[in-house]
Amino acid sequence: MIAELIFFFVSMLACAVVGYMLFVLQSSDTRNSRIRSFFILCVQVFAWIMLNAIVVIVRPEYHPFVYTLKLIIICMVPFGTFWFFLHFTESRLVHSRLTRNIFIIIPAVDILIMITNPLHKLALLSYEGTNYPIGPLFWMHLAIDTICVIIAYVSLVRYVVKNYKQRPSMIIASMGAITPYILNILYTFNLTGFNHDTTPLGYFFTVILFMYSSYQSQLFHFKSVILNKLFDSLHSTGIIIINREGIIVDANTPLCRYFSSFVPVYGKTHLFDFIRCLQAHTTSYSPDYLFSMVHLMHKKDLTGEINLKTDTGEIKTFTFAWLVISTHGKVSNYILLLLDVSEYRAMIQEIKEKNKHLIALKEMAESASCAKSTFLANMSHEIRSPLNAIIGMTAIGKSSETGKKKNYAFEKIDNASKHLLGVINDILDMSKIEANKFELSPVSFNFEKMLQKVINIITFRVEEHRQKFFVVIDKNIPLMLIGDDQRLAQVITNLLSNAVKFTPEEGVIRLSAFLLPEAGDLCRLQINVEDTGIGITAENKARLFHSFEQAEAGTARKYGGTGLGLSISRNIVELMGGTIEVVSEPGQGSTFTFTALLQREKPKTLPAGGNTSPGSPEDLPAGHKSFDDFSGHSLLLVDDVDINREIILTLLEPTNLNIECAENGIQALEMFEKAPDKYDIIFMDIQMPEMDGYEATRRIRALNVPRAHSIPIVAITANVFREDIEKCLEAGMNVHIGKPMDFNEILETLRKYLLKAR
């Protein structure tokens, strides 16, 4: 009885050890076929040892169910052992469908025979005693077990012979595999002197030795579930784990994806098989000694970089790392890492390109800031100079007692005001260009008359500088054209002004206009402005048409100007479908040439006398002034600034027009509501306190009186952008007149709305 108790406790201790092994195996890489089959074998061995120990102290006569379970396990263990050996030795039989079917059918039949043994007693003749009488089916069971053992051992021996570097651990595993069968033979023929089956303890010894030998050869590479997920989740990093003999024991999914043609057999494939595959794919690598240093004698970590073509055809850049893992001062593993850095390299290159672009933008911004600073300094000079003239000449005019001196002061004030207005117009034009709101307003115009106006403006300055001025006009240019004559005149005036400015006294300036061939109703004009001035260097030509810049830094100080004229001219010419260019040499003068695409129009028949607008000031002899008589008409003037109201009252005083004033929109609305039929026209300022011009116009148009819908309302405002004009029209106004006001434009508006009723 003492022997049975000792056997029972030894069996329980073995169960505890196997149970711990099962716990370790469960948290390891169960996807590995070796570990998975070994785990199943350990479960079977655990159950067999447990049931065998119970049977020792509990007689099967009283508990036949326990003994039946033991027989079921006995039928399963040989096949579990055989299946593990096939996986352990990487035998091809594990991939055979026939082998798998046999391992399902035969154990099932064997288990069925053992379960039904009490009915037919063909396996065990009796359950009495310790050595049970054996029947024919049990001998068949032993024969099948023997065949499995022979096949398994043949595979194991072949594996030991092939893997000579792992021979010590394999010999230990082989010894463990033989032990249970030796004990089973001794027990079957009753040669142990012990009446109980010790085969399960032999299997315990087997799994312990296999665990030890596998640990030594690292064929069972243990990883926790978390590490296992991490191992395969490194999508851009291929990892190979090599044991100290140079055998590949594991590789993660990304590596297999990069090299689908390389299929390692874990426990068999050597490191250098992969290195040869890697070299076949490599296009370049650094350092030069990289691959030559990757061997088992190199005990230090090694890093490098390789460019290779993967099996998918992609060219990728990898960081290569050879890591040596030591345990207790001895090398236990080698790890080869391939980190895909292609995206990082592309990102770095993109960042470098963007940095270059940003540096270029920074330099451009600094250059633009410097140019604008210079421009503001020049602009301050350009604005303050005429203001100084206006203020100074106003003081002179006030203190003068003679009419001649006053007229002289007024003439200078007029010139300075026009210059200041030109500067402001340039700034407004440039702001419209930068906001992409610069547009043309095509109208029908007389080309020669437009050109004559420009010549009249520039002749005075030419005479001041005692220069020679010649004009050549191609006779083939149509008399009437359709285009923006004001913008075309602005470009020509700007080029001529520059020519006058940069040409010394007694110099020559030539304006010429030619017709270039063009199909249909379109005609392309080429206009040249030549001078014998200071000229332009090749370096400064590139900056000439830039905003806020002039050819040289000292130009503004010596000759004046804002540096906007040529930039505005270039934009106008481009909007007209043309180009502008300059040919110049220092000291040899300059020739500015631009083209403009305009539309032909047949000239209209002129009324008798040849005047297009009878009574228009431009058709009267010089020095003669004529004013229309607007007697009997009434104007409602709405403006919050006293000086503005005073200017209009004074200018229109000779016309006998009745004018009443309102200081804001509320007063204008009240005055109109009281006497809507009293007023024939309204001049409406926009920016006013309490109620602006937009709201006042909308309120007037909304009144329930007929006159509110028909009375002309004219916007008088300094807001002169196109969107401002459109906003005035949307509010219900009829006409827009910009400040500073052109007296002729005011008279023309009054004629349009007051005289037509007569």
# chains A, B, ... in the order shown; residues from 1 in each chain; ligands from 1
>>> residues_around(residues="Ile713 in chain A", least_positions_apart="2", cutoff="12 Å", atoms="only C-alpha atoms", output="ChimeraX atom specification")
/A:635-638,668,679-686,693-694,696-698,700-701,707-711,715-716,728-729,731-737,749-750,753
>>> write_last_selection(atoms="C-alpha atoms", output="CSV table (one decimal), in the first residue's frame")
chain,number,residue,atom,x,y,z
A,635,LEU,CA,-31.4,119.8,-56.5
A,636,LEU,CA,-31.4,118.1,-53.1
A,637,LEU,CA,-27.7,117.9,-52.0
A,638,VAL,CA,-27.0,115.4,-49.2
A,668,ALA,CA,-32.8,114.0,-46.7
A,679,TYR,CA,-36.9,118.1,-56.2
A,680,ASP,CA,-35.8,117.2,-59.7
A,681,ILE,CA,-32.6,115.3,-58.8
A,682,ILE,CA,-30.7,114.2,-55.6
A,683,PHE,CA,-27.0,114.2,-55.1
A,684,MET,CA,-26.3,111.6,-52.3
A,685,ASP,CA,-23.1,111.1,-50.4
A,686,ILE,CA,-22.5,107.5,-49.1
A,693,GLY,CA,-26.5,107.0,-48.5
A,694,TYR,CA,-27.4,103.4,-49.3
A,696,ALA,CA,-31.4,106.7,-47.4
A,697,THR,CA,-31.8,105.7,-51.1
A,698,ARG,CA,-33.5,102.5,-50.2
A,700,ILE,CA,-36.7,107.0,-50.6
A,701,ARG,CA,-37.3,104.3,-53.2
A,707,ARG,CA,-41.9,110.5,-57.6
A,708,ALA,CA,-39.9,108.3,-55.2
A,709,HIS,CA,-39.5,105.7,-58.0
A,710,SER,CA,-38.6,108.1,-60.8
A,711,ILE,CA,-36.4,110.8,-59.3
A,715,ALA,CA,-24.0,109.0,-55.8
A,716,ILE,CA,-21.3,111.6,-54.9
A,728,CYS,CA,-24.8,102.1,-55.4
A,729,LEU,CA,-26.8,100.8,-58.3
A,731,ALA,CA,-29.4,100.4,-53.6
A,732,GLY,CA,-31.4,102.2,-56.3
A,733,MET,CA,-29.1,105.0,-57.5
A,734,ASN,CA,-28.8,106.0,-61.1
A,735,VAL,CA,-25.3,107.4,-61.5
A,736,HIS,CA,-22.0,107.2,-59.7
A,737,ILE,CA,-19.6,110.2,-59.6
A,749,THR,CA,-25.2,114.5,-65.5
A,750,LEU,CA,-27.4,117.5,-64.9
A,753,TYR,CA,-31.6,114.3,-66.3
>>> atom_distance(atom1="CA of Tyr153 in chain A", atom2="CA of Leu25 in chain A")
24.2 Å
>>> closest_residue(among="A:Thr503, A:Ser96, A:Thr394, A:Asn446", to="Glu411 in chain A", atoms="only C-alpha atoms")
A:Thr394
>>> closest_residue(among="A:Val58, A:Ala177, A:Val462, A:Ile424", to="Leu209 in chain A", atoms="only C-alpha atoms")
A:Ala177
>>> select_by_dssp(residues="range 235-444 of chain A", states="alpha helix (DSSP H)", output="PDB file with C-alpha atoms, in the first residue's frame")
ATOM      1  CA  THR A 253       4.693  38.683 -41.190  1.00  0.00           C
ATOM      2  CA  PRO A 254       6.150  41.893 -42.725  1.00  0.00           C
ATOM      3  CA  LEU A 255       9.394  40.125 -43.597  1.00  0.00           C
ATOM      4  CA  CYS A 256       7.495  37.328 -45.306  1.00  0.00           C
ATOM      5  CA  ARG A 257       5.496  39.977 -47.162  1.00  0.00           C
ATOM      6  CA  TYR A 258       8.629  41.750 -48.411  1.00  0.00           C
ATOM      7  CA  LEU A 271      20.769  32.587 -41.777  1.00  0.00           C
ATOM      8  CA  PHE A 272      22.964  32.673 -44.876  1.00  0.00           C
ATOM      9  CA  ASP A 273      20.114  31.350 -47.016  1.00  0.00           C
ATOM     10  CA  PHE A 274      18.294  34.592 -46.226  1.00  0.00           C
ATOM     11  CA  ILE A 275      21.429  36.724 -46.682  1.00  0.00           C
ATOM     12  CA  ARG A 276      21.861  35.295 -50.194  1.00  0.00           C
ATOM     13  CA  CYS A 277      18.203  36.077 -50.937  1.00  0.00           C
ATOM     14  CA  LEU A 278      18.680  39.601 -49.545  1.00  0.00           C
ATOM     15  CA  GLN A 279      21.791  40.234 -51.654  1.00  0.00           C
ATOM     16  CA  ALA A 280      19.920  39.115 -54.784  1.00  0.00           C
ATOM     17  CA  HIS A 281      17.317  41.827 -54.171  1.00  0.00           C
ATOM     18  CA  SER A 342      11.169  54.667 -47.629  1.00  0.00           C
ATOM     19  CA  GLU A 343       8.283  56.879 -46.500  1.00  0.00           C
ATOM     20  CA  TYR A 344      10.496  58.659 -43.978  1.00  0.00           C
ATOM     21  CA  ARG A 345      13.125  59.322 -46.635  1.00  0.00           C
ATOM     22  CA  ALA A 346      10.428  60.648 -48.979  1.00  0.00           C
ATOM     23  CA  MET A 347       9.044  62.804 -46.165  1.00  0.00           C
ATOM     24  CA  ILE A 348      12.511  64.138 -45.338  1.00  0.00           C
ATOM     25  CA  GLN A 349      13.090  64.935 -49.006  1.00  0.00           C
ATOM     26  CA  GLU A 350       9.693  66.627 -49.194  1.00  0.00           C
ATOM     27  CA  ILE A 351      10.472  68.613 -46.043  1.00  0.00           C
ATOM     28  CA  LYS A 352      13.812  69.673 -47.544  1.00  0.00           C
ATOM     29  CA  GLU A 353      12.064  70.789 -50.729  1.00  0.00           C
ATOM     30  CA  LYS A 354       9.465  72.654 -48.709  1.00  0.00           C
ATOM     31  CA  ASN A 355      12.206  74.256 -46.623  1.00  0.00           C
ATOM     32  CA  LYS A 356      13.886  75.435 -49.811  1.00  0.00           C
ATOM     33  CA  HIS A 357      10.564  76.761 -51.013  1.00  0.00           C
ATOM     34  CA  LEU A 358       9.911  78.452 -47.673  1.00  0.00           C
ATOM     35  CA  ILE A 359      13.388  79.988 -47.698  1.00  0.00           C
ATOM     36  CA  ALA A 360      12.722  81.277 -51.211  1.00  0.00           C
ATOM     37  CA  LEU A 361       9.346  82.623 -50.087  1.00  0.00           C
ATOM     38  CA  LYS A 362      10.992  84.198 -47.042  1.00  0.00           C
ATOM     39  CA  GLU A 363      13.559  85.891 -49.250  1.00  0.00           C
ATOM     40  CA  MET A 364      10.798  87.035 -51.590  1.00  0.00           C
ATOM     41  CA  ALA A 365       8.775  88.322 -48.632  1.00  0.00           C
ATOM     42  CA  GLU A 366      11.794  90.147 -47.242  1.00  0.00           C
ATOM     43  CA  SER A 367      12.508  91.575 -50.685  1.00  0.00           C
ATOM     44  CA  ALA A 368       8.854  92.597 -51.072  1.00  0.00           C
ATOM     45  CA  SER A 369       8.856  94.083 -47.579  1.00  0.00           C
ATOM     46  CA  CYS A 370      12.007  96.025 -48.373  1.00  0.00           C
ATOM     47  CA  ALA A 371      10.502  97.156 -51.691  1.00  0.00           C
ATOM     48  CA  LYS A 372       7.292  98.228 -49.977  1.00  0.00           C
ATOM     49  CA  SER A 373       9.241 100.053 -47.283  1.00  0.00           C
ATOM     50  CA  THR A 374      11.113 101.916 -50.006  1.00  0.00           C
ATOM     51  CA  PHE A 375       7.826 102.458 -51.797  1.00  0.00           C
ATOM     52  CA  LEU A 376       6.196 103.906 -48.660  1.00  0.00           C
ATOM     53  CA  ALA A 377       9.128 106.241 -48.204  1.00  0.00           C
ATOM     54  CA  ASN A 378       8.826 107.349 -51.829  1.00  0.00           C
ATOM     55  CA  MET A 379       5.051 107.556 -51.492  1.00  0.00           C
ATOM     56  CA  SER A 380       5.395 109.758 -48.447  1.00  0.00           C
ATOM     57  CA  HIS A 381       7.572 112.056 -50.527  1.00  0.00           C
ATOM     58  CA  GLU A 382       5.177 111.948 -53.484  1.00  0.00           C
ATOM     59  CA  ILE A 383       2.154 112.805 -51.311  1.00  0.00           C
ATOM     60  CA  ARG A 384       3.787 115.337 -49.021  1.00  0.00           C
ATOM     61  CA  SER A 385       5.409 117.300 -51.851  1.00  0.00           C
ATOM     62  CA  PRO A 386       2.142 118.330 -53.571  1.00  0.00           C
ATOM     63  CA  LEU A 387       0.467 118.769 -50.190  1.00  0.00           C
ATOM     64  CA  ASN A 388       3.264 121.110 -49.225  1.00  0.00           C
ATOM     65  CA  ALA A 389       2.744 122.995 -52.485  1.00  0.00           C
ATOM     66  CA  ILE A 390      -1.027 123.153 -51.921  1.00  0.00           C
ATOM     67  CA  ILE A 391      -0.677 124.384 -48.338  1.00  0.00           C
ATOM     68  CA  GLY A 392       2.130 126.816 -49.189  1.00  0.00           C
ATOM     69  CA  MET A 393       0.463 128.258 -52.261  1.00  0.00           C
ATOM     70  CA  THR A 394      -2.821 128.584 -50.357  1.00  0.00           C
ATOM     71  CA  ALA A 395      -1.017 130.702 -47.772  1.00  0.00           C
ATOM     72  CA  ILE A 396       0.617 132.756 -50.544  1.00  0.00           C
ATOM     73  CA  GLY A 397      -2.740 133.241 -52.270  1.00  0.00           C
ATOM     74  CA  LYS A 398      -4.350 134.418 -49.032  1.00  0.00           C
ATOM     75  CA  SER A 399      -1.629 136.973 -48.368  1.00  0.00           C
ATOM     76  CA  GLY A 403      -4.863 139.188 -58.788  1.00  0.00           C
ATOM     77  CA  LYS A 404      -1.832 138.123 -60.826  1.00  0.00           C
ATOM     78  CA  LYS A 405      -0.095 136.619 -57.806  1.00  0.00           C
ATOM     79  CA  LYS A 406      -3.285 134.937 -56.659  1.00  0.00           C
ATOM     80  CA  ASN A 407      -3.804 133.385 -60.113  1.00  0.00           C
ATOM     81  CA  TYR A 408      -0.203 132.155 -60.023  1.00  0.00           C
ATOM     82  CA  ALA A 409      -0.842 130.529 -56.638  1.00  0.00           C
ATOM     83  CA  PHE A 410      -4.100 128.961 -57.861  1.00  0.00           C
ATOM     84  CA  GLU A 411      -2.344 127.573 -60.937  1.00  0.00           C
ATOM     85  CA  LYS A 412       0.324 125.920 -58.758  1.00  0.00           C
ATOM     86  CA  ILE A 413      -2.356 124.575 -56.416  1.00  0.00           C
ATOM     87  CA  ASP A 414      -4.196 123.134 -59.425  1.00  0.00           C
ATOM     88  CA  ASN A 415      -1.032 121.421 -60.740  1.00  0.00           C
ATOM     89  CA  ALA A 416      -0.144 120.012 -57.306  1.00  0.00           C
ATOM     90  CA  SER A 417      -3.712 118.756 -56.798  1.00  0.00           C
ATOM     91  CA  LYS A 418      -3.677 116.962 -60.130  1.00  0.00           C
ATOM     92  CA  HIS A 419      -0.329 115.378 -59.299  1.00  0.00           C
ATOM     93  CA  LEU A 420      -1.641 114.258 -55.920  1.00  0.00           C
ATOM     94  CA  LEU A 421      -4.764 112.850 -57.555  1.00  0.00           C
ATOM     95  CA  GLY A 422      -2.578 110.896 -59.984  1.00  0.00           C
ATOM     96  CA  VAL A 423      -0.615 109.366 -57.092  1.00  0.00           C
ATOM     97  CA  ILE A 424      -3.836 108.358 -55.335  1.00  0.00           C
ATOM     98  CA  ASN A 425      -5.230 106.902 -58.553  1.00  0.00           C
ATOM     99  CA  ASP A 426      -2.076 104.798 -58.984  1.00  0.00           C
ATOM    100  CA  ILE A 427      -2.449 103.446 -55.451  1.00  0.00           C
ATOM    101  CA  LEU A 428      -6.120 102.632 -56.027  1.00  0.00           C
ATOM    102  CA  ASP A 429      -5.353 100.935 -59.342  1.00  0.00           C
ATOM    103  CA  MET A 430      -2.613  98.843 -57.723  1.00  0.00           C
ATOM    104  CA  SER A 431      -4.886  97.792 -54.867  1.00  0.00           C
ATOM    105  CA  LYS A 432      -7.502  96.694 -57.405  1.00  0.00           C
ATOM    106  CA  ILE A 433      -4.888  94.710 -59.323  1.00  0.00           C
ATOM    107  CA  GLU A 434      -3.689  92.912 -56.177  1.00  0.00           C
TER     108      GLU A 434
END
>>> closest_residue(among="A:Met21, A:Leu495, A:Leu481, A:Met297", to="Arg524 in chain A", atoms="only C-alpha atoms")
A:Leu481
>>> residues_around(residues="Val324 in chain A", least_positions_apart="6", cutoff="9 Å", atoms="only C-alpha atoms", output="PyMOL selection string")
chain A and resi 298-302+331-336
>>> residues_around(residues="Gln599 in chain A", least_positions_apart="3", cutoff="9 Å", atoms="only C-alpha atoms", output="ChimeraX atom specification")
/A:480-483,521-524
>>> write_last_selection(atoms="all heavy atoms", output="short mmCIF file (atom, residue, chain, number, x, y, z; two decimals), in the first residue's frame")
data_model
loop_
_atom_site.label_atom_id
_atom_site.label_comp_id
_atom_site.auth_asym_id
_atom_site.auth_seq_id
_atom_site.Cartn_x
_atom_site.Cartn_y
_atom_site.Cartn_z
N MET A 480 -12.76 104.93 -85.49
CA MET A 480 -13.56 104.56 -84.32
C MET A 480 -13.20 103.13 -83.89
O MET A 480 -13.18 102.21 -84.71
CB MET A 480 -15.05 104.64 -84.64
CG MET A 480 -15.52 106.02 -85.07
SD MET A 480 -15.21 107.29 -83.80
CE MET A 480 -16.28 106.70 -82.50
N LEU A 481 -12.94 103.00 -82.61
CA LEU A 481 -12.58 101.70 -82.03
C LEU A 481 -13.44 101.44 -80.79
O LEU A 481 -14.00 102.38 -80.21
CB LEU A 481 -11.10 101.66 -81.64
CG LEU A 481 -10.09 101.79 -82.79
CD1 LEU A 481 -8.69 101.98 -82.23
CD2 LEU A 481 -10.15 100.57 -83.70
N ILE A 482 -13.49 100.18 -80.38
CA ILE A 482 -14.19 99.82 -79.14
C ILE A 482 -13.16 99.25 -78.18
O ILE A 482 -12.47 98.27 -78.48
CB ILE A 482 -15.30 98.79 -79.41
CG1 ILE A 482 -16.37 99.39 -80.30
CG2 ILE A 482 -15.92 98.32 -78.09
CD1 ILE A 482 -17.48 98.43 -80.68
N GLY A 483 -13.06 99.87 -77.02
CA GLY A 483 -12.11 99.45 -75.99
C GLY A 483 -12.18 100.42 -74.83
O GLY A 483 -12.99 101.36 -74.83
N ASP A 521 -13.20 91.70 -87.23
CA ASP A 521 -13.43 93.05 -86.73
C ASP A 521 -12.38 93.47 -85.70
O ASP A 521 -12.44 94.59 -85.20
CB ASP A 521 -14.82 93.14 -86.10
CG ASP A 521 -15.92 93.00 -87.15
OD1 ASP A 521 -15.64 93.31 -88.32
OD2 ASP A 521 -17.03 92.58 -86.78
N LEU A 522 -11.47 92.59 -85.38
CA LEU A 522 -10.44 92.92 -84.39
C LEU A 522 -9.25 93.58 -85.07
O LEU A 522 -8.91 93.27 -86.22
CB LEU A 522 -9.98 91.66 -83.66
CG LEU A 522 -11.05 90.92 -82.84
CD1 LEU A 522 -10.45 89.67 -82.23
CD2 LEU A 522 -11.61 91.83 -81.76
N CYS A 523 -8.63 94.47 -84.36
CA CYS A 523 -7.38 95.06 -84.86
C CYS A 523 -6.40 95.18 -83.70
O CYS A 523 -6.79 95.46 -82.57
CB CYS A 523 -7.64 96.42 -85.50
SG CYS A 523 -8.27 97.68 -84.38
N ARG A 524 -5.15 94.91 -84.02
CA ARG A 524 -4.10 94.96 -83.00
C ARG A 524 -3.23 96.18 -83.26
O ARG A 524 -2.64 96.30 -84.33
CB ARG A 524 -3.27 93.68 -83.00
CG ARG A 524 -2.26 93.60 -81.86
CD ARG A 524 -1.55 92.26 -81.87
NE ARG A 524 -2.45 91.16 -81.60
CZ ARG A 524 -2.81 90.77 -80.38
NH1 ARG A 524 -2.33 91.42 -79.32
NH2 ARG A 524 -3.63 89.76 -80.21
#
>>> residues_around(residues="Asp197 in chain A", least_positions_apart="5", cutoff="8 Å", atoms="only C-alpha atoms", output="JSON, numbers by chain")
{"A": [52, 184, 187]}
>>> write_last_selection(atoms="C-alpha atoms", output="mmCIF file, in the first residue's frame")
data_model
loop_
_atom_site.group_PDB
_atom_site.id
_atom_site.type_symbol
_atom_site.label_atom_id
_atom_site.label_comp_id
_atom_site.auth_asym_id
_atom_site.auth_seq_id
_atom_site.Cartn_x
_atom_site.Cartn_y
_atom_site.Cartn_z
ATOM 1 C CA ASN A 52 -3.419 6.391 -13.847
ATOM 2 C CA ASN A 184 5.465 0.117 -21.533
ATOM 3 C CA TYR A 187 4.952 -3.336 -17.851
#
>>> select_by_dssp(residues="range 354-518 of chain A", states="strand (DSSP E or B)", output="list in words")
Val443, Ser444, Phe445, Asn446, Lys468, Phe469, Phe470, Val471, Val472, Ile473, Met480, Leu481, Ile482, Gly483, Val508, Ile509, Arg510, Leu511, Ser512, Ala513, Phe514, Leu515 and Leu516 of chain A
